[in-house]
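See below for the structure under consideration.
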Amino acid sequence: MKKLFTILMLSFVMFAGSNIIKAQSCDMLYFCVKYDGKEVDCADRFTTGKITVMAKLSKPVYFTKVTVQADKYNPREGKFEYYKDYEFDTDSDMTYIYFKDIEFNDKGIYRVFLLDPEKNTITSALVEITN
């Protein structure tokens, strides 16, 4: 019985590890203070001002123009509302992209999107801006 339990536990650990690897092979959007050949101070909470939005994609972006759009959470309405957007030129074969100087002048919770030229979501993430 102990042997069977050990084999089952080993199998579970091996399969659980393979799922973790698959989960990390998706499109991701995240934030840092700046990018100068490497990411500086990645986080999901920043003070007001400019930050850099990073995109790590599982496949090349395909498009030569993309938009980074921020929607701010309105707690009174209980929903996100358009805040501002920035258009960027990209190379269609890029999978690792940084978008610098995305400005957040107001504190709050933001949902940030990477959008294709037709405004379809490529990937998104949340960031909190404090004073």
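In the structure tokens, each chain is lettered A, B, ... as it comes, each chain's residues begin at 1, and ligands are numbered from 1 in order of appearance.
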
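Residues of chain A that DSSP, applied to the backbone, places in alpha helix (DSSP H): Lys2, Lys3, Leu4, Phe5, Thr6, Ile7, Leu8, Met9, Leu10, Ser11, Phe12, Val13, Met14, Phe15, Ala16, Gly17, Ser18, Asn19, Ile20, Ile21, Lys22 and Ala23 of chain A.
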
Taking the DSSP secondary structure from the backbone, can you list the residues of chain A that are strand (DSSP E), as a VMD selection string? chain A and resid 28 to 35 39 to 43 45 to 47 49 to 56 65 to 74 79 to 89 96 to 104 108 to 115 121 to 130

Using only C-alpha atoms, pick whichever of A:Cys26, A:Val53, A:Cys42, A:Val112 has the shortest atom-to-atom distance to Tyr98 (chain A).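 Ranked by minimum distance to Tyr98 (chain A), first place goes to A:Val53.
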
Just checking: using only C-alpha atoms, which residue out of A:Thr67, A:Gly49, A:Gly108, A:Tyr86 ends up closest to Thr123 (chain A)?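 Closest residue, counting only C-alpha atoms: A:Thr67.
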
12 Å contact set for Glu128 (chain A), only C-alpha atoms, chain neighbours under 2 positions out, as a count of residues only: 27

What is the CA of Asp91 (chain A) to CA of Lys50 (chain A) distance in Å?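 Distance between the two atoms: 23.5 Å.
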
Provide the CA of Val40 (chain A) to CA of Tyr82 (chain A) distance in Å, to one decimal place.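 Separation of CA of Val40 (chain A) and CA of Tyr82 (chain A): 27.5 Å.
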
Expressed in Å to a single decimal, how great is the separation between CA of Gly37 (chain A) and CA of Pro117 (chain A)?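 Between CA of Gly37 (chain A) and CA of Pro117 (chain A) the gap is 26.8 Å.
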
From the options A:Lys65, A:Asn74, A:Leu114, A:Glu103, which residue's atoms come nearest to Asp89 (chain A), counting only C-alpha atoms? A:Lys65

Would you list the contacts of Leu115 (chain A) as a PyMOL selection string, taking every protein, DNA or RNA residue within 12 Å and counting only C-alpha atoms, but skipping same-chain residues closer than 3 positions in sequence? chain A and resi 29+55+61-70+85-88+112+118-124

Write a file of the just-selected residues containing N, CA and C atoms, as an mmCIF file, in the first residue's frame.
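New file result29.cif:
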data_model
loop_
_atom_site.group_PDB
_atom_site.id
_atom_site.type_symbol
_atom_site.label_atom_id
_atom_site.label_comp_id
_atom_site.auth_asym_id
_atom_site.auth_seq_id
_atom_site.Cartn_x
_atom_site.Cartn_y
_atom_site.Cartn_z
ATOM 1 N N LEU A 29 1.435 40.625 -19.791
ATOM 2 C CA LEU A 29 1.671 42.056 -19.731
ATOM 3 C C LEU A 29 2.052 42.351 -18.287
ATOM 4 N N ALA A 55 5.573 43.565 -22.547
ATOM 5 C CA ALA A 55 4.764 42.484 -23.117
ATOM 6 C C ALA A 55 5.684 41.330 -23.479
ATOM 7 N N VAL A 61 4.065 39.200 -32.503
ATOM 8 C CA VAL A 61 2.909 40.095 -32.400
ATOM 9 C C VAL A 61 2.142 40.221 -33.719
ATOM 10 N N TYR A 62 2.788 40.033 -34.851
ATOM 11 C CA TYR A 62 2.189 40.043 -36.191
ATOM 12 C C TYR A 62 1.889 41.454 -36.700
ATOM 13 N N PHE A 63 1.490 42.362 -35.856
ATOM 14 C CA PHE A 63 1.082 43.702 -36.270
ATOM 15 C C PHE A 63 2.263 44.673 -36.229
ATOM 16 N N THR A 64 2.179 45.736 -37.030
ATOM 17 C CA THR A 64 3.214 46.768 -37.012
ATOM 18 C C THR A 64 2.770 47.998 -36.231
ATOM 19 N N LYS A 65 1.517 48.036 -35.836
ATOM 20 C CA LYS A 65 0.992 49.091 -34.955
ATOM 21 C C LYS A 65 0.130 48.425 -33.895
ATOM 22 N N VAL A 66 0.380 48.800 -32.644
ATOM 23 C CA VAL A 66 -0.425 48.308 -31.525
ATOM 24 C C VAL A 66 -0.757 49.492 -30.623
ATOM 25 N N THR A 67 -1.715 49.286 -29.739
ATOM 26 C CA THR A 67 -2.126 50.323 -28.805
ATOM 27 C C THR A 67 -2.053 49.782 -27.386
ATOM 28 N N VAL A 68 -1.532 50.606 -26.487
ATOM 29 C CA VAL A 68 -1.594 50.312 -25.060
ATOM 30 C C VAL A 68 -2.693 51.221 -24.505
ATOM 31 N N GLN A 69 -3.746 50.592 -23.972
ATOM 32 C CA GLN A 69 -4.884 51.347 -23.449
ATOM 33 C C GLN A 69 -5.047 51.078 -21.968
ATOM 34 N N ALA A 70 -5.305 52.145 -21.207
ATOM 35 C CA ALA A 70 -5.549 52.023 -19.771
ATOM 36 C C ALA A 70 -6.990 52.410 -19.474
ATOM 37 N N ASP A 85 -4.993 56.172 -24.058
ATOM 38 C CA ASP A 85 -4.283 55.149 -24.827
ATOM 39 C C ASP A 85 -3.086 55.747 -25.541
ATOM 40 N N TYR A 86 -2.178 54.869 -25.933
ATOM 41 C CA TYR A 86 -0.944 55.241 -26.619
ATOM 42 C C TYR A 86 -0.745 54.283 -27.789
ATOM 43 N N GLU A 87 -0.476 54.821 -28.966
ATOM 44 C CA GLU A 87 -0.209 53.976 -30.134
ATOM 45 C C GLU A 87 1.298 53.835 -30.319
ATOM 46 N N PHE A 88 1.735 52.626 -30.665
ATOM 47 C CA PHE A 88 3.156 52.338 -30.855
ATOM 48 C C PHE A 88 3.371 51.581 -32.159
ATOM 49 N N VAL A 112 -4.860 47.492 -17.927
ATOM 50 C CA VAL A 112 -4.060 47.925 -19.079
ATOM 51 C C VAL A 112 -4.117 46.831 -20.146
ATOM 52 N N GLU A 118 -7.288 46.650 -34.689
ATOM 53 C CA GLU A 118 -8.760 46.643 -34.682
ATOM 54 C C GLU A 118 -9.324 46.713 -33.269
ATOM 55 N N LYS A 119 -8.462 46.993 -32.295
ATOM 56 C CA LYS A 119 -8.817 47.134 -30.880
ATOM 57 C C LYS A 119 -9.223 45.820 -30.211
ATOM 58 N N ASN A 120 -8.744 44.703 -30.737
ATOM 59 C CA ASN A 120 -8.920 43.404 -30.083
ATOM 60 C C ASN A 120 -7.796 43.228 -29.063
ATOM 61 N N THR A 121 -8.106 42.626 -27.936
ATOM 62 C CA THR A 121 -7.130 42.439 -26.864
ATOM 63 C C THR A 121 -6.130 41.342 -27.214
ATOM 64 N N ILE A 122 -4.856 41.678 -27.141
ATOM 65 C CA ILE A 122 -3.781 40.692 -27.271
ATOM 66 C C ILE A 122 -3.499 40.109 -25.884
ATOM 67 N N THR A 123 -3.338 40.988 -24.889
ATOM 68 C CA THR A 123 -3.159 40.584 -23.498
ATOM 69 C C THR A 123 -3.470 41.781 -22.605
ATOM 70 N N SER A 124 -3.641 41.539 -21.311
ATOM 71 C CA SER A 124 -3.957 42.623 -20.385
ATOM 72 C C SER A 124 -3.462 42.288 -18.987
#

Considering only C-alpha atoms, return as a list in words whatever protein or nucleic-acid residues lie within 9 Å of Tyr35 (chain A), sequence-local ones (same chain, fewer than 4 positions apart) excluded.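 Final neighbour list, sorted by chain and number: Glu39, Val40, Thr52, Met54, Tyr98, Phe99 and Lys100 of chain A.
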
Selection export as a compact mmCIF listing (two decimals), in the first residue's frame, atoms kept: N, CA and C atoms:
# COMPACT_ATOMS: atom_id res chain seq x y z
N GLU A 39 14.88 44.90 -17.33
CA GLU A 39 13.77 45.47 -16.59
C GLU A 39 14.26 46.01 -15.25
N VAL A 40 13.81 47.20 -14.89
CA VAL A 40 14.20 47.82 -13.63
C VAL A 40 12.96 47.96 -12.75
N THR A 52 6.84 51.86 -17.44
CA THR A 52 7.04 51.11 -18.67
C THR A 52 6.17 49.86 -18.62
N MET A 54 5.55 46.18 -20.15
CA MET A 54 6.29 45.11 -20.82
C MET A 54 5.31 44.08 -21.35
N TYR A 98 8.71 46.47 -25.12
CA TYR A 98 8.49 47.40 -24.02
C TYR A 98 7.90 48.69 -24.56
N PHE A 99 7.02 49.28 -23.77
CA PHE A 99 6.34 50.52 -24.12
C PHE A 99 6.60 51.51 -22.99
N LYS A 100 7.50 52.47 -23.25
CA LYS A 100 7.92 53.37 -22.18
C LYS A 100 7.03 54.61 -22.11
